[in-house]
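Engineer: Sharing model-v4.cif (mmCIF, C-alpha atoms and all ligand atoms) below.
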```cif
data_structure
loop_
_atom_site.label_atom_id
_atom_site.label_comp_id
_atom_site.auth_asym_id
_atom_site.auth_seq_id
_atom_site.Cartn_x
_atom_site.Cartn_y
_atom_site.Cartn_z
CA GLY F 585 0.00 0.00 0.00
CA THR F 586 0.82 3.70 -0.19
CA VAL F 587 -0.05 6.12 2.62
CA LEU F 588 0.24 9.88 2.99
CA GLY F 589 0.76 10.83 6.64
CA ILE F 590 0.82 14.20 8.38
CA GLU F 591 2.62 15.00 11.65
CA GLY F 592 2.00 18.23 13.54
CA THR F 593 1.76 17.55 17.28
CA ALA F 594 4.14 20.38 18.16
CA TRP F 595 6.61 22.56 16.24
CA ASN F 596 7.23 20.43 13.16
CA LEU F 597 4.64 20.20 10.40
CA SER F 598 5.63 17.33 8.14
CA ALA F 599 3.91 15.34 5.41
CA ALA F 600 5.28 12.15 3.92
CA ILE F 601 4.28 9.42 1.49
CA VAL F 602 5.56 5.91 2.16
CA ASN F 603 5.05 2.37 0.97
CA GLU F 604 6.23 -0.92 2.51
CA LYS F 605 9.66 -0.47 0.93
CA ASP F 606 10.62 3.09 1.77
CA VAL F 607 9.84 6.77 2.21
CA ILE F 608 8.83 8.04 -1.23
CA ALA F 609 8.63 11.74 -0.35
CA GLU F 610 8.69 14.01 2.69
CA VAL F 611 8.18 17.78 2.99
CA SER F 612 8.37 19.60 6.32
CA ASP F 613 8.10 23.11 7.63
CA MET F 614 9.17 23.96 11.15
CA TYR F 615 7.52 26.56 13.31
CA ARG F 616 10.28 28.60 14.91
CA PRO F 617 9.13 30.63 17.90
CA PRO F 618 10.60 34.17 17.84
CA ILE F 619 11.73 33.86 21.48
CA GLY F 620 11.34 31.33 24.28
CA GLY F 621 9.35 28.14 23.95
CA ILE F 622 6.46 27.10 21.79
CA HIS F 623 3.20 29.11 21.78
CA PRO F 624 0.48 26.54 21.02
CA ARG F 625 -1.84 28.92 19.18
CA GLU F 626 0.94 30.37 17.03
CA ALA F 627 2.21 26.89 16.19
CA ALA F 628 -1.33 25.92 15.13
CA GLN F 629 -1.56 29.04 12.96
CA HIS F 630 1.75 28.10 11.40
CA HIS F 631 0.42 24.60 10.63
CA ALA F 632 -2.75 26.02 9.08
CA LYS F 633 -0.73 28.40 6.93
CA TYR F 634 1.72 25.76 5.68
CA ALA F 635 -0.61 22.74 5.41
CA SER F 636 -1.17 23.23 1.67
CA TYR F 637 2.56 23.83 1.12
CA VAL F 638 3.64 20.53 2.71
CA VAL F 639 0.79 18.49 1.21
CA LYS F 640 1.17 19.87 -2.32
CA GLY F 641 4.93 19.58 -1.96
CA VAL F 642 4.91 15.96 -0.96
CA LEU F 643 2.43 15.05 -3.72
CA GLU F 644 4.59 16.81 -6.29
CA GLU F 645 7.77 15.10 -5.03
CA ALA F 646 6.04 11.72 -5.20
CA ARG F 647 4.70 12.42 -8.69
CA GLN F 648 8.25 13.00 -9.92
CA LYS F 649 9.02 9.51 -8.63
CA GLY F 650 6.04 8.03 -10.48
CA VAL F 651 3.57 7.91 -7.58
CA ASP F 652 0.35 9.82 -8.24
CA ALA F 653 -2.33 11.05 -5.84
CA SER F 654 -4.57 8.31 -7.24
CA ASP F 655 -2.08 5.70 -5.96
CA ILE F 656 -2.62 6.75 -2.33
CA ASP F 657 -4.57 4.15 -0.35
CA ALA F 658 -5.09 6.05 2.92
CA ILE F 659 -4.39 9.26 4.81
CA SER F 660 -2.94 9.10 8.31
CA PHE F 661 -2.42 11.82 10.91
CA SER F 662 -1.16 12.25 14.48
CA GLN F 663 -4.21 11.93 16.71
CA GLY F 664 -2.18 12.67 19.84
CA PRO F 665 -0.53 13.21 22.23
CA GLY F 666 0.33 16.83 21.52
CA LEU F 667 -0.86 20.41 21.62
CA GLY F 668 -4.65 20.49 21.12
CA ALA F 669 -4.70 23.42 18.70
CA CYS F 670 -1.97 21.87 16.54
CA LEU F 671 -3.61 18.46 16.53
CA ARG F 672 -6.97 19.90 15.47
CA THR F 673 -5.42 21.83 12.59
CA VAL F 674 -3.60 18.79 11.24
CA ALA F 675 -6.65 16.55 11.71
CA THR F 676 -8.78 18.97 9.66
CA ALA F 677 -6.30 18.89 6.80
CA ALA F 678 -6.13 15.07 6.94
CA ARG F 679 -9.94 14.70 6.91
CA MET F 680 -10.24 17.01 3.89
CA LEU F 681 -7.61 15.04 2.02
CA ALA F 682 -9.23 11.70 2.83
CA ILE F 683 -12.61 13.00 1.67
CA SER F 684 -11.29 14.53 -1.54
CA LEU F 685 -9.19 11.48 -2.48
CA ASP F 686 -12.00 9.19 -1.29
CA VAL F 687 -9.69 6.97 0.78
CA PRO F 688 -9.82 5.80 4.43
CA LEU F 689 -8.50 7.85 7.33
CA VAL F 690 -6.10 6.44 9.94
CA GLY F 691 -5.55 8.04 13.38
CA VAL F 692 -2.03 7.40 14.64
CA ASN F 693 -0.59 7.51 18.16
CA HIS F 694 2.49 9.72 17.88
CA CYS F 695 4.56 7.78 20.47
CA LEU F 696 3.95 4.46 18.73
CA ALA F 697 4.94 6.03 15.41
CA HIS F 698 8.38 6.79 16.92
CA VAL F 699 8.68 3.12 17.95
CA GLU F 700 7.48 1.67 14.64
CA VAL F 701 9.69 3.84 12.43
CA GLY F 702 12.62 2.68 14.59
CA ARG F 703 11.65 -0.96 14.09
CA TRP F 704 11.40 -0.25 10.36
CA LYS F 705 14.65 1.64 9.93
CA THR F 706 16.92 -0.33 12.29
CA PRO F 707 17.35 -4.11 12.75
CA ALA F 708 15.39 -3.93 16.06
CA THR F 709 12.47 -6.37 16.12
CA ASP F 710 11.13 -6.45 19.69
CA PRO F 711 12.88 -3.67 21.57
CA VAL F 712 12.47 -1.81 24.80
CA THR F 713 12.14 1.76 23.47
CA LEU F 714 13.37 4.83 25.29
CA TYR F 715 11.42 7.74 23.80
CA VAL F 716 12.78 11.05 25.04
CA SER F 717 11.68 14.28 23.39
CA GLY F 718 10.59 17.75 24.45
CA ALA F 719 7.16 16.87 25.76
CA ASN F 720 7.51 13.10 26.22
CA SER F 721 9.68 10.72 28.19
CA GLN F 722 8.59 7.10 28.20
CA VAL F 723 9.95 3.57 28.27
CA LEU F 724 7.79 1.32 26.08
CA ALA F 725 7.73 -2.33 25.11
CA TYR F 726 5.32 -4.67 23.35
CA ARG F 727 3.53 -7.32 25.36
CA MET F 728 0.42 -9.30 24.44
CA GLY F 729 -1.33 -7.04 21.96
CA ARG F 730 -0.30 -3.68 23.43
CA TYR F 731 2.68 -1.42 23.82
CA ARG F 732 2.98 -1.11 27.60
CA VAL F 733 4.41 1.97 29.26
CA PHE F 734 6.98 0.58 31.70
CA GLY F 735 8.02 3.97 33.01
CA GLU F 736 7.37 7.61 32.20
CA THR F 737 7.84 11.13 33.44
CA LEU F 738 5.44 12.26 36.14
CA ASP F 739 5.91 15.92 35.22
CA ILE F 740 7.76 17.38 32.20
CA GLY F 741 9.63 15.67 29.37
CA LEU F 742 13.42 15.57 29.52
CA GLY F 743 13.81 17.89 26.51
CA ASN F 744 11.55 20.47 28.14
CA ALA F 745 13.57 20.17 31.35
CA PHE F 746 16.70 21.04 29.34
CA ASP F 747 14.88 23.85 27.52
CA LYS F 748 13.51 25.31 30.77
CA PHE F 749 16.97 25.37 32.31
CA ALA F 750 18.44 26.92 29.16
CA ARG F 751 15.81 29.65 29.18
CA SER F 752 16.49 30.63 32.80
CA ALA F 753 20.25 30.44 32.16
CA GLY F 754 19.87 32.89 29.30
CA LEU F 755 20.80 30.36 26.61
CA GLY F 756 18.65 30.17 23.49
CA HIS F 757 16.07 27.59 22.47
CA PRO F 758 16.33 24.61 22.14
CA GLY F 759 18.48 23.99 25.19
CA GLY F 760 19.54 20.38 24.64
CA PRO F 761 22.26 20.86 22.01
CA GLN F 762 23.84 23.79 23.91
CA ILE F 763 23.84 21.90 27.20
CA GLU F 764 25.57 19.06 25.40
CA GLN F 765 28.31 21.43 24.16
CA PHE F 766 28.93 23.02 27.58
CA ALA F 767 29.01 19.60 29.24
CA LYS F 768 31.99 18.58 27.10
CA ASN F 769 34.23 21.11 28.85
CA ALA F 770 33.26 20.37 32.46
CA SER F 771 35.72 19.55 35.21
CA ASN F 772 33.50 18.71 38.21
CA TYR F 773 30.39 16.69 38.92
CA ILE F 774 27.90 18.48 41.18
CA PRO F 775 25.31 16.24 42.89
CA LEU F 776 21.76 17.11 41.73
CA PRO F 777 18.40 15.53 42.67
CA TYR F 778 18.08 12.05 41.15
CA VAL F 779 14.35 11.27 41.11
CA VAL F 780 13.19 7.80 40.10
CA LYS F 781 9.96 6.72 41.79
CA GLY F 782 9.36 3.05 41.14
CA MET F 783 9.73 2.98 37.35
CA ASP F 784 8.69 6.61 36.87
CA LEU F 785 10.76 9.75 36.43
CA SER F 786 10.60 13.39 37.45
CA PHE F 787 12.68 16.13 35.82
CA SER F 788 11.11 19.34 37.04
CA GLY F 789 12.98 19.54 40.37
CA LEU F 790 16.22 18.57 38.65
CA SER F 791 15.87 21.41 36.17
CA THR F 792 15.19 23.94 38.97
CA ALA F 793 18.12 22.62 41.03
CA ALA F 794 20.42 22.93 38.01
CA THR F 795 19.39 26.56 37.60
CA ALA F 796 20.06 27.23 41.29
CA ALA F 797 23.48 25.55 41.05
CA LEU F 798 24.58 28.19 38.52
CA LYS F 799 25.02 30.62 41.44
CA ASP F 800 28.06 28.70 42.73
CA HIS F 801 29.24 26.66 39.73
CA SER F 802 30.26 27.11 36.12
CA MET F 803 27.86 26.61 33.23
CA GLU F 804 30.06 23.74 32.05
CA ASP F 805 29.91 21.87 35.36
CA VAL F 806 26.17 22.41 35.78
CA CYS F 807 25.35 21.28 32.23
CA TYR F 808 27.53 18.19 32.65
CA SER F 809 25.98 17.30 36.01
CA PHE F 810 22.44 17.90 34.73
CA GLN F 811 23.06 15.54 31.79
CA GLU F 812 24.79 12.86 33.88
CA THR F 813 21.97 12.84 36.44
CA ALA F 814 19.07 12.89 33.96
CA PHE F 815 20.64 10.27 31.67
CA ALA F 816 21.49 7.96 34.58
CA MET F 817 17.79 8.15 35.54
CA VAL F 818 16.48 7.20 32.08
CA VAL F 819 19.14 4.50 31.63
CA GLU F 820 18.21 2.96 35.00
CA VAL F 821 14.52 2.70 34.04
CA THR F 822 15.39 1.37 30.58
CA GLU F 823 17.65 -1.29 32.11
CA ARG F 824 14.98 -2.37 34.58
CA ALA F 825 12.42 -2.62 31.76
CA LEU F 826 14.89 -4.85 29.87
CA ALA F 827 15.32 -7.09 32.92
CA HIS F 828 11.59 -7.22 33.58
CA THR F 829 10.56 -8.02 29.99
CA GLU F 830 13.56 -10.27 29.31
CA LYS F 831 13.99 -8.55 25.94
CA ASN F 832 17.45 -8.04 24.47
CA GLU F 833 17.15 -4.92 22.32
CA VAL F 834 17.02 -1.22 23.16
CA LEU F 835 15.76 1.37 20.67
CA LEU F 836 16.29 5.09 21.16
CA ALA F 837 13.69 7.59 19.86
CA GLY F 838 12.88 11.31 20.17
CA GLY F 839 14.84 14.54 19.80
CA VAL F 840 16.91 14.10 22.98
CA GLY F 841 18.23 10.90 21.36
CA ALA F 842 20.55 13.13 19.32
CA ASN F 843 22.72 13.46 22.44
CA THR F 844 26.05 11.65 22.14
CA ARG F 845 26.50 11.14 25.89
CA LEU F 846 23.04 9.57 26.24
CA ARG F 847 23.86 7.19 23.39
CA GLU F 848 27.17 6.30 25.01
CA MET F 849 25.54 5.54 28.38
CA LEU F 850 22.84 3.38 26.78
CA ASP F 851 25.45 1.60 24.70
CA ILE F 852 27.52 0.78 27.81
CA MET F 853 24.45 -0.50 29.67
CA CYS F 854 23.42 -2.67 26.69
CA THR F 855 26.93 -4.08 26.26
CA GLU F 856 27.06 -5.02 29.94
CA ARG F 857 23.71 -6.82 29.64
CA GLY F 858 24.43 -8.47 26.31
CA ALA F 859 21.64 -6.50 24.62
CA ASN F 860 21.73 -4.81 21.21
CA PHE F 861 21.37 -1.05 21.03
CA TYR F 862 19.75 0.63 18.02
CA VAL F 863 19.56 4.27 16.99
CA PRO F 864 17.75 5.25 13.76
CA GLU F 865 19.09 7.86 11.35
CA LYS F 866 18.62 11.40 12.65
CA ARG F 867 15.72 12.20 10.27
CA PHE F 868 13.65 9.44 11.92
CA MET F 869 14.47 10.42 15.53
CA GLY F 870 12.74 13.77 16.02
CA ASP F 871 9.15 14.34 14.92
CA ASN F 872 8.73 13.47 11.23
CA GLY F 873 5.92 12.81 8.76
CA ALA F 874 7.45 9.51 7.61
CA MET F 875 6.78 7.82 10.94
CA ILE F 876 3.11 8.86 10.85
CA ALA F 877 2.74 7.68 7.26
CA TYR F 878 4.48 4.39 8.10
CA LEU F 879 2.40 3.51 11.17
CA GLY F 880 -0.61 4.66 9.13
CA LEU F 881 0.38 2.08 6.53
CA LEU F 882 0.72 -0.71 9.12
CA MET F 883 -2.67 0.19 10.57
CA TYR F 884 -4.33 0.50 7.16
CA ASP F 885 -2.94 -2.90 6.13
CA SER F 886 -4.43 -4.42 9.30
CA GLY F 887 -7.85 -2.81 8.81
CA ASN F 888 -7.36 -0.22 11.55
CA VAL F 889 -9.10 2.79 9.96
CA ILE F 890 -11.56 5.35 11.37
CA ASP F 891 -14.60 7.26 10.13
CA VAL F 892 -14.23 10.99 9.59
CA GLU F 893 -17.09 11.49 12.10
CA ASN F 894 -15.07 9.60 14.72
CA SER F 895 -11.67 11.11 14.15
CA HIS F 896 -11.40 13.39 17.20
CA VAL F 897 -7.93 14.28 18.38
CA ASN F 898 -6.73 13.42 21.88
CA PRO F 899 -4.04 15.68 23.42
CA ASN F 900 -3.42 13.03 26.13
CA PHE F 901 -3.55 9.98 23.86
CA ARG F 902 -1.62 7.20 25.64
CA PRO F 903 0.23 4.56 23.62
CA ASP F 904 -1.12 1.77 25.85
CA GLU F 905 -4.69 2.64 24.77
CA VAL F 906 -3.97 1.37 21.26
CA ASP F 907 -4.96 -2.11 20.19
CA VAL F 908 -1.90 -3.23 18.20
CA THR F 909 -3.55 -4.74 15.12
CA TRP F 910 -0.36 -4.74 13.02
CA ILE F 911 1.66 -7.22 15.10
CA PRO F 912 0.59 -10.87 15.17
CA ARG F 913 -0.76 -11.97 18.56
CA ASP F 914 1.73 -14.85 18.76
CA PHE F 915 4.64 -12.52 17.92
CA GLU F 916 6.58 -12.90 21.19
P1 LIG F 1001 7.43 15.60 20.96
O1 LIG F 1001 6.18 16.16 20.37
O2 LIG F 1001 7.62 14.17 20.62
O3 LIG F 1001 7.59 15.87 22.41
P2 LIG F 1001 9.30 17.67 20.27
O4 LIG F 1001 8.42 18.65 19.64
O5 LIG F 1001 9.80 17.95 21.60
O6 LIG F 1001 8.64 16.24 20.19
P3 LIG F 1001 11.78 16.53 19.25
O7 LIG F 1001 12.53 16.90 18.01
O8 LIG F 1001 11.44 15.11 19.41
O9 LIG F 1001 10.53 17.47 19.27
O10 LIG F 1001 12.66 16.96 20.51
C1 LIG F 1001 13.08 18.27 20.75
C2 LIG F 1001 13.79 18.28 22.09
O11 LIG F 1001 15.04 17.59 21.98
C3 LIG F 1001 14.11 19.67 22.61
O12 LIG F 1001 13.64 19.77 23.93
C4 LIG F 1001 15.63 19.75 22.56
O13 LIG F 1001 16.20 20.52 23.60
C5 LIG F 1001 16.03 18.30 22.68
N1 LIG F 1001 17.33 18.04 22.07
C6 LIG F 1001 17.68 18.22 20.77
N2 LIG F 1001 18.98 17.92 20.58
C7 LIG F 1001 19.48 17.53 21.79
C8 LIG F 1001 20.76 17.12 22.26
N3 LIG F 1001 21.81 17.04 21.44
N4 LIG F 1001 20.87 16.80 23.57
C9 LIG F 1001 19.81 16.87 24.40
N5 LIG F 1001 18.59 17.27 24.02
C10 LIG F 1001 18.42 17.60 22.74
FE FE2 F 1002 7.73 13.08 19.15
#
```
Now that the file is in, can you turn its structure into structure tokens?
Structural biologist:
Amino acid sequence: GTVLGIEGTAWNLSAAIVNEKDVIAEVSDMYRPPIGGIHPREAAQHHAKYASYVVKGVLEEARQKGVDASDIDAISFSQGPGLGACLRTVATAARMLAISLDVPLVGVNHCLAHVEVGRWKTPATDPVTLYVSGANSQVLAYRMGRYRVFGETLDIGLGNAFDKFARSAGLGHPGGPQIEQFAKNASNYIPLPYVVKGMDLSFSGLSTAATAALKDHSMEDVCYSFQETAFAMVVEVTERALAHTEKNEVLLAGGVGANTRLREMLDIMCTERGANFYVPEKRFMGDNGAMIAYLGLLMYDSGNVIDVENSHVNPNFRPDEVDVTWIPRDFE
């Protein structure tokens, strides 16, 4: 099959067309906030303004590769989680497309799309996934018809914790890449609050404590200590999920996954446990249209489509609510 998918849960509006073999075309347009973080209404306005640009663009790119609009079997879109205003804008565009092309509509869980594109674009088959982005931080793994959430943040996502710190430290947005650079030149580790409750995580207090530590310590040392603490937390929960599920693969997903130190720590943990560690290409790590089109394709192929009348978005859509129709029940 061939599916056109649209992602727009936050800052990145992205449309892609995929088939079982590969990504045929992808066109994105990023909303860049003038200052500070993301303003949900302005991001939604951006998505409304550029929806026709990305959709027309991706159709044109596909046409040059011999795939016409009439070849598209379904339209998929991010149903959640994400910013309500952004989700609604993208859903409206997806419904219109499905109606005008007279093809089914598929509502995709954004978190599961990160997992599935990783399973598609790396050798991982049945991984424990660490999904760390701006708004999300979760450890997920498949078990008996569902992706279970083994651990997750109880407050903000790790990326947002970095961004919040960066904002109060007077660094620009996004914070993650800059924190990574400063951390490389550190000379001391400063103890910061390490908060793992059961299998769950909390980053808000850590971010505030890092900001406070700037009074007495260098930016380099604080950034390094913030990273070491936060990454040790997510690696601990990932390792315990591996032990609990008895799986032997770890997949990294989400924008924070760009961080070299996080990759190194996960790689060490996996080596010690005899597990394989997989990281997809950068274009499939942050939010991208290809992952929405691809999970849309898996869902379409397994009959998991929705009516336009029942295609409401869900800003708090949890991955464990989804009945996984695209993986055989006897898979494990
Ligand atoms: P989602 O909707 O899934 O929450 P998002 O809109 O936050 O996604 P992503 O591209 O997945 O988008 O992630 C962006 C986040 O990743 C930002 O918070 C940014 O600070 C963080 N980030 C990017 N690069 C790095 C890095 N090298 N180290 C640490 N964090 C990083
Ligand atoms: Fe994401």
Engineer: Grab me every residue within 6 Å of ligand FE2 1002 (chain F), counting all atoms listed in the file, and send it over as a VMD selection string.
Structural biologist: chain F and resid 717 838 870 to 871
Engineer: In Å, rounded to a single decimal, give me how far CA of Glu820 (chain F) is from CA of Gly782 (chain F).
Structural biologist: 10.8 Å
Engineer: Considering only C-alpha atoms, return as a list in words whatever protein or nucleic-acid residues lie within 8 Å of Val674 (chain F), sequence-local ones (same chain, fewer than 6 positions apart) excluded.
Structural biologist: Ile590, Glu591, Gly592, His631, Ala632, Ala635, Phe661 and Ser662 of chain F
Engineer: Report the distance between CA of Asn769 (chain F) and CA of Ala796 (chain F) in Å, rounded to one decimal place.
Structural biologist: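 Those two atoms sit 19.8 Å apart.
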Engineer: Could you give me, as a compact mmCIF listing (two decimals) with C-alpha atoms, keeping the file's coordinate frame, the residues within 9 Å of Pro761 (chain F), counting all atoms listed in the file and dropping anything in the same chain fewer than 3 positions from it?
Structural biologist:
```
# COMPACT_ATOMS: atom_id res chain seq x y z
CA PRO F 758 16.33 24.61 22.14
CA GLU F 764 25.57 19.06 25.40
CA GLN F 765 28.31 21.43 24.16
CA PHE F 766 28.93 23.02 27.58
CA VAL F 840 16.91 14.10 22.98
CA ALA F 842 20.55 13.13 19.32
CA ASN F 843 22.72 13.46 22.44
```
Engineer: Which residue out of F:Asn832, F:Ser771, F:Gln648, F:Thr844 has the minimum interatomic distance to Glu856 (chain F) when only C-alpha atoms are used?
Structural biologist: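 That would be F:Asn832, the residue with the smallest distance to Glu856 (chain F).
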Engineer: Counting all atoms listed in the file, find residues at most 10 Å from (0.3, 1.2, 23.0) (file frame) and give them as a VMD selection string.
Structural biologist: chain F and resid 693 695 to 696 699 724 to 727 729 to 733 901 to 908
Engineer: Pick the closest to ligand LIG 1001 (chain F) from F:Ser895, F:Thr593, F:Thr676, F:Thr792: which is it, counting only C-alpha atoms and all ligand atoms?
Structural biologist: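 Among the listed residues, the smallest separation from ligand LIG 1001 (chain F) belongs to F:Thr593.
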Engineer: I'd like the contact shell of Ile763 (chain F) - 8 Å cut-off, all atoms listed in the file, skipping same-chain residues fewer than 4 positions apart - returned as a count of residues only.
Structural biologist: 7
Engineer: Between F:Ala675, F:Ala827, F:Ala814, F:Met875, which is the closest to Arg845 (chain F) once you count only C-alpha atoms?
Structural biologist: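 The answer is F:Ala814, which sits nearest to Arg845 (chain F).
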Engineer: Distance CA of Glu736 (chain F)-CA of Val821 (chain F), one decimal place?
Structural biologist: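 Here the two named atoms are 8.9 Å from each other.
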Engineer: Tell me which protein, DNA and RNA residues are within 6 Å of Thr713 (chain F), counting all atoms listed in the file, leaving out same-chain ones fewer than 4 positions away, and put them as a compact mmCIF listing (two decimals) with C-alpha atoms, in the frame of the given file.
Structural biologist:
```txt
# COMPACT_ATOMS: atom_id res chain seq x y z
CA VAL F 723 9.95 3.57 28.27
CA LEU F 724 7.79 1.32 26.08
CA VAL F 834 17.02 -1.22 23.16
CA LEU F 835 15.76 1.37 20.67
CA LEU F 836 16.29 5.09 21.16
```
